[in-house]
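Enquirer: Right, I'll just put the structure down here and ask away after.
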There are 2 protein chains.
Amino acid sequence: MTINSALSKLSVLLGDRLSLSKSDRENHGQSEAYFPLTPPDAVAYPSSTEEVSEILKICNSENCPVVAWGAGTSLEGHALALEGGVCLDMIRMNEMTDLMEDSFAVTVGPGITRESLNQQLRATGLFFPVDPGANASIGGMAATRASGTTSVRYGTMRDNVLGLTVVMADGRIIKTGGPVRKSSSGYDLTALFLGSEGTLGIITSLTLRLHGQPEAVSTASCGFDTMDAAVETVIATIQYGIPMARIEFIDAATAAAFNSYGGMDLPETPHLLVEFHGSERAVKEDAQRFGELIDDMGGSGFEWSDNRQEGTALWRMRHNAYYACLGLRKGATAVVTDICVPIANLAQAVRETRAEIDASMLQGPILGHVGDGNFHALLLVDRGNAEEIAEAKRLANSMARRALRLNGTITGEHGIGAGKRDLMPEEHGQNAWDVMGEIKRALDPNGILNPGKLVP
Amino acid sequence: MTINSALSKLSVLLGDRLSLSKSDRENHGQSEAYFPLTPPDAVAYPSSTEEVSEILKICNSENCPVVAWGAGTSLEGHALALEGGVCLDMIRMNEMTDLMEDSFAVTVGPGITRESLNQQLRATGLFFPVDPGANASIGGMAATRASGTTSVRYGTMRDNVLGLTVVMADGRIIKTGGPVRKSSSGYDLTALFLGSEGTLGIITSLTLRLHGQPEAVSTASCGFDTMDAAVETVIATIQYGIPMARIEFIDAATAAAFNSYGGMDLPETPHLLVEFHGSERAVKEDAQRFGELIDDMGGSGFEWSDNRQEGTALWRMRHNAYYACLGLRKGATAVVTDICVPIANLAQAVRETRAEIDASMLQGPILGHVGDGNFHALLLVDRGNAEEIAEAKRLANSMARRALRLNGTITGEHGIGAGKRDLMPEEHGQNAWDVMGEIKRALDPNGILNPGKLVP
């Protein structure tokens, strides 16, 4: 019952698809975030659900930890093998296995990336809308319950994953859900695995909901004197039923980053950026109605475009926001953290966060998916400077606790991973966190699945 | 450790809010469906979460079954006390406890009904969209993961319940989620309890997502020669991105019922009924675009209206469809059953179901929420005739198995209850059904919560 004896058995099963090389292990021991290098003992490259099942049977009998790996774009160190063991890199399971165009559904392997999926779908007139920014794997996006800029219209992974194939800790293969729009048949196991961060089972196949590519797209953007005015505009936009496909805000610090990185000439105040999807005529009207609302709400610098490729200048910059913000400090790394609050509390949450970052030693532009009440701070640190990392962590924890005071959640879309586990009982209460632990122990009694994450 | 000793303790706790009267027990022992009278041993009327917690502590220590009761509108006998015990009638916990208008959210007790909630919300400009037809309790709708006519636009209970307060079997009180649009913090316990039919915990409070009341509403309707043409029209409508708020179909038998009950003069063929929500101008355009599509798809008798109160004549009848169908046979009761399939398989599912009902001794109009691939058969029986009930059950089971053959689910919105439990392993496979049982045993080790339902 050791990791080593598991590795010998896995080596027989997988041959050269079990890698013990230092470089491979190190590539699977770091993330985009600030966590220290944490290599697994080995990296496995399974090619089928049945093979994942055989791997888990071995690991379960040997008490060997198993951590799944997608594209490595997690921001909270979800896929770090904190207790060693085997990293399952799902890259070989990256096929579109069943396209059901007329049912607006597709089945894919977990290793397919979002961009690759949408490229393969292009000719069908359909697309998969969840867009977290990074070119993440669909399996990873499911495991973290990801979302992004389009969720205000199309929903999160929770709304767009219809079914899963999952291998349980003991190797049993189960299927949940299927290519139907809804079901009231039994426990919603699909939803339970979404966001379980690899602690309850390994996702080996996903059936996704697809949407029609919009006939036309328009974009609009404008500035505001205050965050409150910007947030009140968002609330009014929702109340008036203007159907946004995306609605993003950037704060004054982000506007400053856009000016210096992109040579823009924005007033350094909060801005809103909106996108509309629909018929040619509808998207023009939506942008114009939004423009009228801006006037009423005291916005300025309103601009709009119905050129799908170009959009407004501000939108072109938004797609490079991460690099624009990094550009504020040469050689910096960003500790990127997120929270989500009820929309009515968003202005306060941003205002207080802005003030706290301004009072710290770090720069930290704020931007986010304002229609969902979800925003990010990009805290710029020197990766080698422990004091700065500690300060960034302090600010991130303080943001999370602010979210809780304002009736929100410690993460809207990044997940818990290695970064926010200590905050779990503060958000959920000890009782609810205990219930999560009871479910975990019922389904993974030996605790081999991504140990050290998420549950007590 | 008996039901009787639980009842003595509950009587001390609740006084005259524990009822042992025959009429009260019988009122909580029947449903709208065809199940035999199954009275609980007592009916409790709790008034707070803390009181529900005390009740469950007693029942858990005495191994006394507990079944929650909302408005009694379930169609599959969910709330029948199959093993006796206490029925918890949530009628006293029916308040709107926290209205968060600017965050588009509200917190309510489980006993509030959908219509009462929307009456109380009227002046706010907001509404709760999930509409299963019956004036069900919100708690019951959550417990069965209900949906209805508007789900194609606004989603099901899964999409519109943001958070819960739940009392666990041992009396622990937990909170899940909250008034935020999304979260990626830990297991999605909210989703786990939605659709768990009272087998994992008792829901004592719900935070719901609200939507802006539409500025304008338009409706349209038309006929088709075949089901296939109607379904192809639905698929095209989704592909073209015409934003339906409701899209219903009725089959030829339902059209015949409308003619005889409502004195209409419809061709006795399949029909589609559509509703649009948006600005005055948008809903006119949507109806007109739909009309153009109908022409291309070979529909006929296209009619539309932008009068919100009236709508088209066919829509007025649709709201009375249940009674119109019952009117086909004097004194009949309807065994109402539902399935849901991928949209591309809907025409085949309806066609085969129609043929099978036509070959049986029963009448059974078919209608449904075609945008979701979900439809109902209203099988007309004489409640006292065992042979007819058996034939209706045979037809319902055959429909469910047809749904599975066509990649669908045995129920889109009615749930499992006492009616469909035997079909669970056929849908989910023994492994996934076992996983549901493992979760159940972890959270309710004594099996006191709605025993005999849902899990192995």
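In the structure tokens, chains take the letters A, B, ... in the order shown, each chain's residues start at 1, and ligands count up from 1 in the order shown.
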To test your reading of the structure, identify every residue in range 221-370 of chain B that backbone DSSP assigns to strand (DSSP E or B), and report it as a ChimeraX atom specification.
Expert: /B:221-223,244-250,271-278,300-305,333-340,366-369
Enquirer: Could you dump the residues just selected with N, CA and C atoms as an mmCIF file, in the first residue's frame?
Expert:
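Output contents, as saved in out-v4.cif:
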data_model
loop_
_atom_site.group_PDB
_atom_site.id
_atom_site.type_symbol
_atom_site.label_atom_id
_atom_site.label_comp_id
_atom_site.auth_asym_id
_atom_site.auth_seq_id
_atom_site.Cartn_x
_atom_site.Cartn_y
_atom_site.Cartn_z
ATOM 1 N N SER B 221 -49.548 31.576 -32.818
ATOM 2 C CA SER B 221 -49.868 30.155 -32.888
ATOM 3 C C SER B 221 -50.128 29.779 -34.347
ATOM 4 N N CYS B 222 -50.006 28.472 -34.622
ATOM 5 C CA CYS B 222 -50.221 27.994 -35.984
ATOM 6 C C CYS B 222 -50.292 26.476 -35.984
ATOM 7 N N GLY B 223 -50.776 25.921 -37.105
ATOM 8 C CA GLY B 223 -50.921 24.470 -37.223
ATOM 9 C C GLY B 223 -49.921 23.882 -38.202
ATOM 10 N N MET B 244 -37.702 32.873 -27.705
ATOM 11 C CA MET B 244 -39.010 32.470 -27.173
ATOM 12 C C MET B 244 -39.037 32.508 -25.657
ATOM 13 N N ALA B 245 -40.152 32.988 -25.097
ATOM 14 C CA ALA B 245 -40.358 32.873 -23.655
ATOM 15 C C ALA B 245 -41.111 31.589 -23.320
ATOM 16 N N ARG B 246 -41.964 31.171 -24.223
ATOM 17 C CA ARG B 246 -42.633 29.869 -24.112
ATOM 18 C C ARG B 246 -42.793 29.330 -25.531
ATOM 19 N N ILE B 247 -42.692 28.008 -25.688
ATOM 20 C CA ILE B 247 -43.077 27.388 -26.959
ATOM 21 C C ILE B 247 -43.673 26.030 -26.657
ATOM 22 N N GLU B 248 -44.981 25.932 -26.891
ATOM 23 C CA GLU B 248 -45.747 24.755 -26.514
ATOM 24 C C GLU B 248 -46.273 24.069 -27.763
ATOM 25 N N PHE B 249 -46.402 22.745 -27.675
ATOM 26 C CA PHE B 249 -47.128 22.116 -28.766
ATOM 27 C C PHE B 249 -48.295 21.320 -28.203
ATOM 28 N N ILE B 250 -49.295 21.163 -29.052
ATOM 29 C CA ILE B 250 -50.418 20.269 -28.741
ATOM 30 C C ILE B 250 -50.569 19.335 -29.918
ATOM 31 N N HIS B 271 -50.208 21.585 -33.356
ATOM 32 C CA HIS B 271 -50.077 23.052 -33.360
ATOM 33 C C HIS B 271 -48.913 23.476 -32.478
ATOM 34 N N LEU B 272 -48.375 24.636 -32.801
ATOM 35 C CA LEU B 272 -47.388 25.281 -31.926
ATOM 36 C C LEU B 272 -47.967 26.590 -31.397
ATOM 37 N N LEU B 273 -47.616 26.904 -30.140
ATOM 38 C CA LEU B 273 -48.026 28.159 -29.507
ATOM 39 C C LEU B 273 -46.758 28.800 -28.935
ATOM 40 N N VAL B 274 -46.535 30.055 -29.272
ATOM 41 C CA VAL B 274 -45.296 30.715 -28.865
ATOM 42 C C VAL B 274 -45.615 32.016 -28.148
ATOM 43 N N GLU B 275 -44.765 32.367 -27.194
ATOM 44 C CA GLU B 275 -44.914 33.659 -26.506
ATOM 45 C C GLU B 275 -43.553 34.343 -26.495
ATOM 46 N N PHE B 276 -43.555 35.666 -26.676
ATOM 47 C CA PHE B 276 -42.317 36.447 -26.668
ATOM 48 C C PHE B 276 -42.381 37.519 -25.591
ATOM 49 N N HIS B 277 -41.279 37.768 -24.922
ATOM 50 C CA HIS B 277 -41.171 38.815 -23.896
ATOM 51 C C HIS B 277 -40.089 39.802 -24.319
ATOM 52 N N GLY B 278 -40.360 41.101 -24.198
ATOM 53 C CA GLY B 278 -39.321 42.085 -24.510
ATOM 54 C C GLY B 278 -39.916 43.476 -24.627
ATOM 55 N N SER B 300 -49.597 26.584 -41.083
ATOM 56 C CA SER B 300 -50.793 27.274 -41.586
ATOM 57 C C SER B 300 -51.595 27.835 -40.425
ATOM 58 N N GLY B 301 -52.532 28.724 -40.739
ATOM 59 C CA GLY B 301 -53.399 29.278 -39.700
ATOM 60 C C GLY B 301 -52.639 30.155 -38.728
ATOM 61 N N PHE B 302 -51.533 30.788 -39.182
ATOM 62 C CA PHE B 302 -50.733 31.641 -38.294
ATOM 63 C C PHE B 302 -51.561 32.817 -37.799
ATOM 64 N N GLU B 303 -51.475 33.059 -36.504
ATOM 65 C CA GLU B 303 -52.222 34.131 -35.855
ATOM 66 C C GLU B 303 -51.296 34.731 -34.832
ATOM 67 N N TRP B 304 -51.320 36.035 -34.641
ATOM 68 C CA TRP B 304 -50.523 36.575 -33.543
ATOM 69 C C TRP B 304 -51.228 37.743 -32.880
ATOM 70 N N SER B 305 -50.779 38.086 -31.673
ATOM 71 C CA SER B 305 -51.423 39.139 -30.902
ATOM 72 C C SER B 305 -50.387 39.794 -30.006
ATOM 73 N N THR B 333 -60.559 10.754 -14.575
ATOM 74 C CA THR B 333 -59.356 11.289 -13.912
ATOM 75 C C THR B 333 -58.211 11.132 -14.911
ATOM 76 N N ALA B 334 -57.249 12.040 -14.835
ATOM 77 C CA ALA B 334 -56.103 11.900 -15.743
ATOM 78 C C ALA B 334 -54.903 11.339 -14.994
ATOM 79 N N VAL B 335 -54.312 10.274 -15.513
ATOM 80 C CA VAL B 335 -52.976 9.859 -15.090
ATOM 81 C C VAL B 335 -52.028 10.665 -15.983
ATOM 82 N N VAL B 336 -51.369 11.669 -15.363
ATOM 83 C CA VAL B 336 -50.539 12.582 -16.157
ATOM 84 C C VAL B 336 -49.088 12.142 -16.026
ATOM 85 N N THR B 337 -48.442 11.871 -17.138
ATOM 86 C CA THR B 337 -47.056 11.406 -17.086
ATOM 87 C C THR B 337 -46.223 12.243 -18.048
ATOM 88 N N ASP B 338 -44.915 12.348 -17.776
ATOM 89 C CA ASP B 338 -44.079 13.177 -18.649
ATOM 90 C C ASP B 338 -42.746 12.508 -18.922
ATOM 91 N N ILE B 339 -42.201 12.788 -20.105
ATOM 92 C CA ILE B 339 -40.826 12.402 -20.428
ATOM 93 C C ILE B 339 -40.148 13.575 -21.135
ATOM 94 N N CYS B 340 -38.833 13.483 -21.282
ATOM 95 C CA CYS B 340 -38.084 14.546 -21.955
ATOM 96 C C CYS B 340 -36.991 13.888 -22.800
ATOM 97 N N ILE B 366 -51.765 14.488 -25.998
ATOM 98 C CA ILE B 366 -50.348 14.768 -25.748
ATOM 99 C C ILE B 366 -50.095 16.256 -25.956
ATOM 100 N N LEU B 367 -49.381 16.858 -25.012
ATOM 101 C CA LEU B 367 -48.987 18.266 -25.163
ATOM 102 C C LEU B 367 -47.721 18.491 -24.377
ATOM 103 N N GLY B 368 -47.026 19.583 -24.695
ATOM 104 C CA GLY B 368 -45.772 19.727 -23.967
ATOM 105 C C GLY B 368 -44.978 20.965 -24.275
ATOM 106 N N HIS B 369 -43.820 21.024 -23.602
ATOM 107 C CA HIS B 369 -42.916 22.163 -23.656
ATOM 108 C C HIS B 369 -41.838 21.831 -24.686
#
Enquirer: Using 6 Å as the limit and counting only C-alpha atoms, can you tabulate each residue of chain B that touches chain A, with its shortest atom-to-atom distance in Å and the two atoms involved, as CSV?
Expert:
residue,atom,partner,partner_atom,distance
B:Asp102,CA,A:Ala344,CA,5.1
B:Ser103,CA,A:Ile343,CA,4.9
B:Arg145,CA,A:Ser184,CA,5.5
B:Ile174,CA,A:Ala432,CA,5.2
B:Pro179,CA,A:Pro342,CA,5.8
B:Val180,CA,A:Pro342,CA,4.8
B:Arg181,CA,A:Asp372,CA,5.5
B:Lys182,CA,A:Gly412,CA,5.7
B:Ser183,CA,A:Gly412,CA,4.1
B:Ser184,CA,A:Gly415,CA,4.8
B:Ser185,CA,A:Gly415,CA,5.5
B:Tyr187,CA,A:Ser196,CA,5.5
B:Asp188,CA,A:Leu192,CA,5.6
B:Leu192,CA,A:Asp188,CA,5.6
B:Ser196,CA,A:Tyr187,CA,5.5
B:Gly212,CA,A:Gln239,CA,5.2
B:Gln239,CA,A:Gly212,CA,5.2
B:Val341,CA,A:Val180,CA,5.6
B:Pro342,CA,A:Val180,CA,4.8
B:Ile343,CA,A:Ser103,CA,4.9
B:Ala344,CA,A:Ser103,CA,5.0
B:Asp372,CA,A:Arg181,CA,5.5
B:Gly408,CA,A:Val180,CA,6.0
B:Thr411,CA,A:Ser184,CA,5.7
B:Gly412,CA,A:Ser183,CA,4.1
B:Glu413,CA,A:Ser184,CA,5.1
B:Gly415,CA,A:Ser184,CA,4.8
B:Ile416,CA,A:Ser185,CA,6.0
B:Asn431,CA,A:Ile174,CA,5.8
B:Ala432,CA,A:Ile174,CA,5.2
B:Ile439,CA,A:Ile439,CA,5.9
Enquirer: Convert the current residue selection to file output with N, CA and C atoms, as a compact mmCIF listing (two decimals), in the first residue's frame.
Expert:
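To be explicit, this is the file written out as part.txt:
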# COMPACT_ATOMS: atom_id res chain seq x y z
N ASP B 102 -32.87 45.16 -5.74
CA ASP B 102 -31.77 45.57 -6.60
C ASP B 102 -30.81 44.42 -6.91
N SER B 103 -30.91 43.34 -6.14
CA SER B 103 -30.10 42.16 -6.44
C SER B 103 -30.91 41.09 -7.16
N ARG B 145 -37.49 19.65 -8.35
CA ARG B 145 -36.78 20.28 -9.50
C ARG B 145 -37.77 20.52 -10.64
N ILE B 174 -28.27 23.72 7.96
CA ILE B 174 -27.23 24.22 7.06
C ILE B 174 -27.81 25.25 6.10
N PRO B 179 -27.72 34.92 -2.17
CA PRO B 179 -28.32 35.76 -3.21
C PRO B 179 -27.32 36.24 -4.27
N VAL B 180 -26.40 35.37 -4.67
CA VAL B 180 -25.47 35.71 -5.75
C VAL B 180 -25.81 34.91 -6.99
N ARG B 181 -25.45 35.48 -8.13
CA ARG B 181 -25.78 34.86 -9.40
C ARG B 181 -24.98 33.59 -9.66
N LYS B 182 -23.81 33.48 -9.06
CA LYS B 182 -22.99 32.30 -9.32
C LYS B 182 -21.96 32.17 -8.21
N SER B 183 -21.39 30.99 -8.08
CA SER B 183 -20.34 30.75 -7.10
C SER B 183 -19.60 29.51 -7.55
N SER B 184 -18.28 29.47 -7.29
CA SER B 184 -17.57 28.22 -7.55
C SER B 184 -16.91 27.74 -6.26
N SER B 185 -17.62 27.97 -5.16
CA SER B 185 -17.09 27.66 -3.84
C SER B 185 -17.66 26.35 -3.31
N TYR B 187 -18.82 22.10 -3.09
CA TYR B 187 -19.85 21.28 -3.71
C TYR B 187 -21.14 22.08 -3.81
N ASP B 188 -21.86 21.85 -4.89
CA ASP B 188 -23.10 22.58 -5.16
C ASP B 188 -24.24 21.91 -4.38
N LEU B 192 -27.79 19.74 -5.17
CA LEU B 192 -28.00 18.38 -4.68
C LEU B 192 -29.38 18.24 -4.02
N SER B 196 -34.19 16.34 -4.74
CA SER B 196 -33.93 15.20 -3.85
C SER B 196 -35.22 14.71 -3.17
N GLY B 212 -36.94 40.69 -14.36
CA GLY B 212 -37.78 41.85 -14.63
C GLY B 212 -39.04 41.44 -15.36
N GLN B 239 -32.34 27.86 -33.80
CA GLN B 239 -31.15 28.16 -34.60
C GLN B 239 -31.10 29.63 -35.03
N VAL B 341 -36.87 14.31 -24.05
CA VAL B 341 -35.87 13.72 -24.96
C VAL B 341 -35.09 14.84 -25.65
N PRO B 342 -33.93 14.49 -26.24
CA PRO B 342 -33.22 15.50 -27.05
C PRO B 342 -34.17 16.01 -28.13
N ILE B 343 -34.09 17.30 -28.43
CA ILE B 343 -35.10 17.90 -29.31
C ILE B 343 -35.19 17.18 -30.65
N ALA B 344 -34.04 16.74 -31.17
CA ALA B 344 -34.04 16.08 -32.48
C ALA B 344 -34.85 14.78 -32.46
N ASP B 372 -38.01 22.43 -24.83
CA ASP B 372 -37.18 21.62 -23.94
C ASP B 372 -37.17 20.14 -24.32
N GLY B 408 -33.12 10.08 -23.77
CA GLY B 408 -33.78 11.07 -22.93
C GLY B 408 -33.86 10.64 -21.48
N THR B 411 -38.35 11.48 -16.77
CA THR B 411 -39.20 12.59 -16.36
C THR B 411 -38.46 13.91 -16.52
N GLY B 412 -39.09 14.83 -17.24
CA GLY B 412 -38.49 16.15 -17.43
C GLY B 412 -38.78 17.08 -16.29
N GLU B 413 -39.97 16.91 -15.65
CA GLU B 413 -40.33 17.88 -14.63
C GLU B 413 -41.24 17.36 -13.53
N GLY B 415 -40.81 14.46 -11.74
CA GLY B 415 -40.05 13.77 -10.69
C GLY B 415 -40.39 12.29 -10.61
N ILE B 416 -39.78 11.63 -9.62
CA ILE B 416 -39.84 10.17 -9.49
C ILE B 416 -40.93 9.73 -8.52
N ASN B 431 -24.77 1.49 -11.18
CA ASN B 431 -23.67 2.19 -10.50
C ASN B 431 -24.06 3.59 -10.05
N ALA B 432 -24.64 4.37 -10.95
CA ALA B 432 -24.99 5.76 -10.58
C ALA B 432 -26.12 5.76 -9.55
N ILE B 439 -24.85 8.48 -1.10
CA ILE B 439 -25.02 9.85 -0.60
C ILE B 439 -26.16 9.89 0.42
Enquirer: Assign secondary structure with DSSP using the backbone only, and return the residues of range 249-432 of chain B in alpha helix (DSSP H) as a ChimeraX atom specification.
Expert: /B:252-262,280-297,313-318,321-326,346-358,386-405,424-432
Enquirer: Can you tell me how far CA of Ala257 in chain B sits from CA of Glu310 in chain B, in Å to one decimal?
Expert: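 So the answer is 20.5 Å.
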Enquirer: For CA of Asn259 in chain B and CA of Phe375 in chain B, determine how far apart the two atoms are, in Å to one decimal place.
Expert: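 Computing the Euclidean distance for CA of Asn259 in chain B and CA of Phe375 in chain B yields 20.7 Å.
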Enquirer: What's the 8 Å shell around Ala81 in chain A, counting only C-alpha atoms, without same-chain residues fewer than 5 positions away, as a ChimeraX atom specification?
Expert: /A:29,38-40,65-67,86-87,450-451
Enquirer: Atoms to include: N, CA and C atoms. Write the selected residues as a PDB file, in the first residue's frame.
Expert:
ATOM      1  N   GLY A  29       3.584  20.402 -11.974  1.00  0.00           N
ATOM      2  CA  GLY A  29       3.693  20.779 -10.563  1.00  0.00           C
ATOM      3  C   GLY A  29       3.638  22.271 -10.361  1.00  0.00           C
ATOM      4  N   THR A  38       5.217  21.995  -7.010  1.00  0.00           N
ATOM      5  CA  THR A  38       4.731  20.830  -6.265  1.00  0.00           C
ATOM      6  C   THR A  38       4.566  19.659  -7.228  1.00  0.00           C
ATOM      7  N   PRO A  39       5.663  19.037  -7.645  1.00  0.00           N
ATOM      8  CA  PRO A  39       5.540  17.989  -8.674  1.00  0.00           C
ATOM      9  C   PRO A  39       4.885  16.721  -8.129  1.00  0.00           C
ATOM     10  N   PRO A  40       4.061  16.054  -8.945  1.00  0.00           N
ATOM     11  CA  PRO A  40       3.547  14.731  -8.558  1.00  0.00           C
ATOM     12  C   PRO A  40       4.667  13.702  -8.685  1.00  0.00           C
ATOM     13  N   PRO A  65      -2.577   8.885  -4.086  1.00  0.00           N
ATOM     14  CA  PRO A  65      -3.354  10.045  -4.524  1.00  0.00           C
ATOM     15  C   PRO A  65      -3.413  10.186  -6.044  1.00  0.00           C
ATOM     16  N   VAL A  66      -4.542  10.697  -6.534  1.00  0.00           N
ATOM     17  CA  VAL A  66      -4.769  10.905  -7.963  1.00  0.00           C
ATOM     18  C   VAL A  66      -5.294  12.324  -8.165  1.00  0.00           C
ATOM     19  N   VAL A  67      -4.626  13.075  -9.046  1.00  0.00           N
ATOM     20  CA  VAL A  67      -5.059  14.437  -9.329  1.00  0.00           C
ATOM     21  C   VAL A  67      -5.189  14.591 -10.836  1.00  0.00           C
ATOM     22  N   VAL A  86      -0.183  10.421  -8.368  1.00  0.00           N
ATOM     23  CA  VAL A  86      -0.199  10.420  -9.826  1.00  0.00           C
ATOM     24  C   VAL A  86      -1.032  11.571 -10.359  1.00  0.00           C
ATOM     25  N   CYS A  87      -0.455  12.296 -11.304  1.00  0.00           N
ATOM     26  CA  CYS A  87      -1.205  13.307 -12.037  1.00  0.00           C
ATOM     27  C   CYS A  87      -1.762  12.663 -13.303  1.00  0.00           C
ATOM     28  N   ASN A 450      -7.564  13.898  -5.182  1.00  0.00           N
ATOM     29  CA  ASN A 450      -7.111  15.270  -4.935  1.00  0.00           C
ATOM     30  C   ASN A 450      -7.094  15.618  -3.438  1.00  0.00           C
ATOM     31  N   PRO A 451      -6.349  14.843  -2.651  1.00  0.00           N
ATOM     32  CA  PRO A 451      -6.362  15.055  -1.202  1.00  0.00           C
ATOM     33  C   PRO A 451      -5.808  16.427  -0.815  1.00  0.00           C
TER      34      PRO A 451
END
Enquirer: List the neighbours of Ala324 in chain A out to 9 Å using only C-alpha atoms; skip same-chain residues closer than 2 positions along the sequence, and give me the result as a ChimeraX atom specification.
Expert: /A:254,257-262,317-318,320-322,326-328
Enquirer: Do a neighbour search on Pro365 in chain A at 6 Å with only C-alpha atoms, toss out local chain neighbours closer than 3 positions, and write the hits as a ChimeraX atom specification.
Expert: /A:253-254,377-378
Enquirer: Restricted to N, CA and C atoms, what would the selected residues look like written as a compact mmCIF listing (two decimals), in the first residue's frame?
Expert:
# COMPACT_ATOMS: atom_id res chain seq x y z
N ALA A 253 -8.08 52.24 -12.20
CA ALA A 253 -6.71 51.74 -12.32
C ALA A 253 -6.54 50.94 -13.61
N THR A 254 -7.59 50.18 -13.99
CA THR A 254 -7.53 49.43 -15.24
C THR A 254 -7.54 50.38 -16.43
N ALA A 377 -9.39 41.11 -8.78
CA ALA A 377 -8.28 42.04 -8.60
C ALA A 377 -7.02 41.33 -9.10
N LEU A 378 -6.24 42.07 -9.88
CA LEU A 378 -4.95 41.53 -10.37
C LEU A 378 -3.86 42.18 -9.53
Enquirer: What's the 12 Å shell around Gly72 in chain B, counting only C-alpha atoms, without same-chain residues fewer than 6 positions away, as a list of chain:residue names?
Expert: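 Near neighbours after the sequence-gap exclusion: B:Glu26, B:Asn27, B:His28, B:Gly29, B:Gln30, B:Ser31, B:Glu32, B:Ala33, B:His78, B:Ala79, B:Leu80, B:Cys87, B:Leu88, B:Asp89, B:Met90, B:Ile91, B:Gly111, B:Thr113, B:Ala134, B:Asn135, B:Ala136, B:Ser137, B:Ile138, B:Gly139, B:Gly140, B:Met141.
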Enquirer: Output the selection as a compact mmCIF listing (two decimals), in the first residue's frame - C-alpha atoms for each residue.
Expert:
# COMPACT_ATOMS: atom_id res chain seq x y z
CA GLU B 26 -56.41 11.71 5.04
CA ASN B 27 -56.01 15.16 3.50
CA HIS B 28 -52.25 14.53 3.64
CA GLY B 29 -52.55 10.98 2.37
CA GLN B 30 -53.83 11.64 -1.12
CA SER B 31 -52.43 13.44 -4.09
CA GLU B 32 -53.73 14.72 -7.40
CA ALA B 33 -52.62 11.46 -8.91
CA HIS B 78 -43.88 12.24 -3.76
CA ALA B 79 -45.34 13.23 -0.41
CA LEU B 80 -47.18 10.04 0.46
CA CYS B 87 -46.11 14.62 7.59
CA LEU B 88 -44.57 18.10 7.91
CA ASP B 89 -47.05 20.54 6.39
CA MET B 90 -45.05 23.69 5.63
CA ILE B 91 -48.11 25.93 5.17
CA GLY B 111 -44.93 26.96 2.01
CA THR B 113 -47.18 29.26 -3.43
CA ALA B 134 -50.43 24.09 -10.79
CA ASN B 135 -50.27 26.64 -7.95
CA ALA B 136 -47.57 24.57 -6.27
CA SER B 137 -45.57 25.57 -3.20
CA ILE B 138 -42.09 26.88 -3.88
CA GLY B 139 -40.64 24.30 -1.47
CA GLY B 140 -42.33 21.48 -3.34
CA MET B 141 -41.19 22.87 -6.68
Enquirer: Write out as a PyMOL selection string each polymer residue whose atoms come within 9 Å of range 14-19 of chain B, counting only C-alpha atoms; drop sequence neighbours fewer than 2 positions from it.
Expert: chain B and resi 7+9-12+21-22+24-25+42-46+51+55
Enquirer: Give me a file of those residues, with C-alpha atoms, as a short mmCIF file (atom, residue, chain, number, x, y, z; two decimals), in the first residue's frame.
Expert:
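For reference, part39.cif as written:
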data_model
loop_
_atom_site.label_atom_id
_atom_site.label_comp_id
_atom_site.auth_asym_id
_atom_site.auth_seq_id
_atom_site.Cartn_x
_atom_site.Cartn_y
_atom_site.Cartn_z
CA LEU B 7 -45.51 11.35 18.44
CA LYS B 9 -42.55 13.90 22.22
CA LEU B 10 -43.71 15.88 19.18
CA SER B 11 -47.01 16.57 20.88
CA VAL B 12 -45.17 18.15 23.81
CA SER B 21 -57.28 13.76 13.31
CA LYS B 22 -58.50 11.38 10.67
CA ASP B 24 -56.18 15.90 8.55
CA ARG B 25 -54.29 12.67 8.04
CA ALA B 42 -49.76 12.52 12.23
CA VAL B 43 -49.52 15.92 10.61
CA ALA B 44 -47.19 18.55 12.09
CA TYR B 45 -47.38 22.27 11.31
CA PRO B 46 -43.93 23.69 12.10
CA GLU B 51 -38.72 23.94 15.18
CA ILE B 55 -38.75 17.76 15.17
#
Enquirer: Could you tell me how far CA of Ala349 in chain A lies from CA of Leu314 in chain A, in Å and to one decimal?
Expert: 23.8 Å
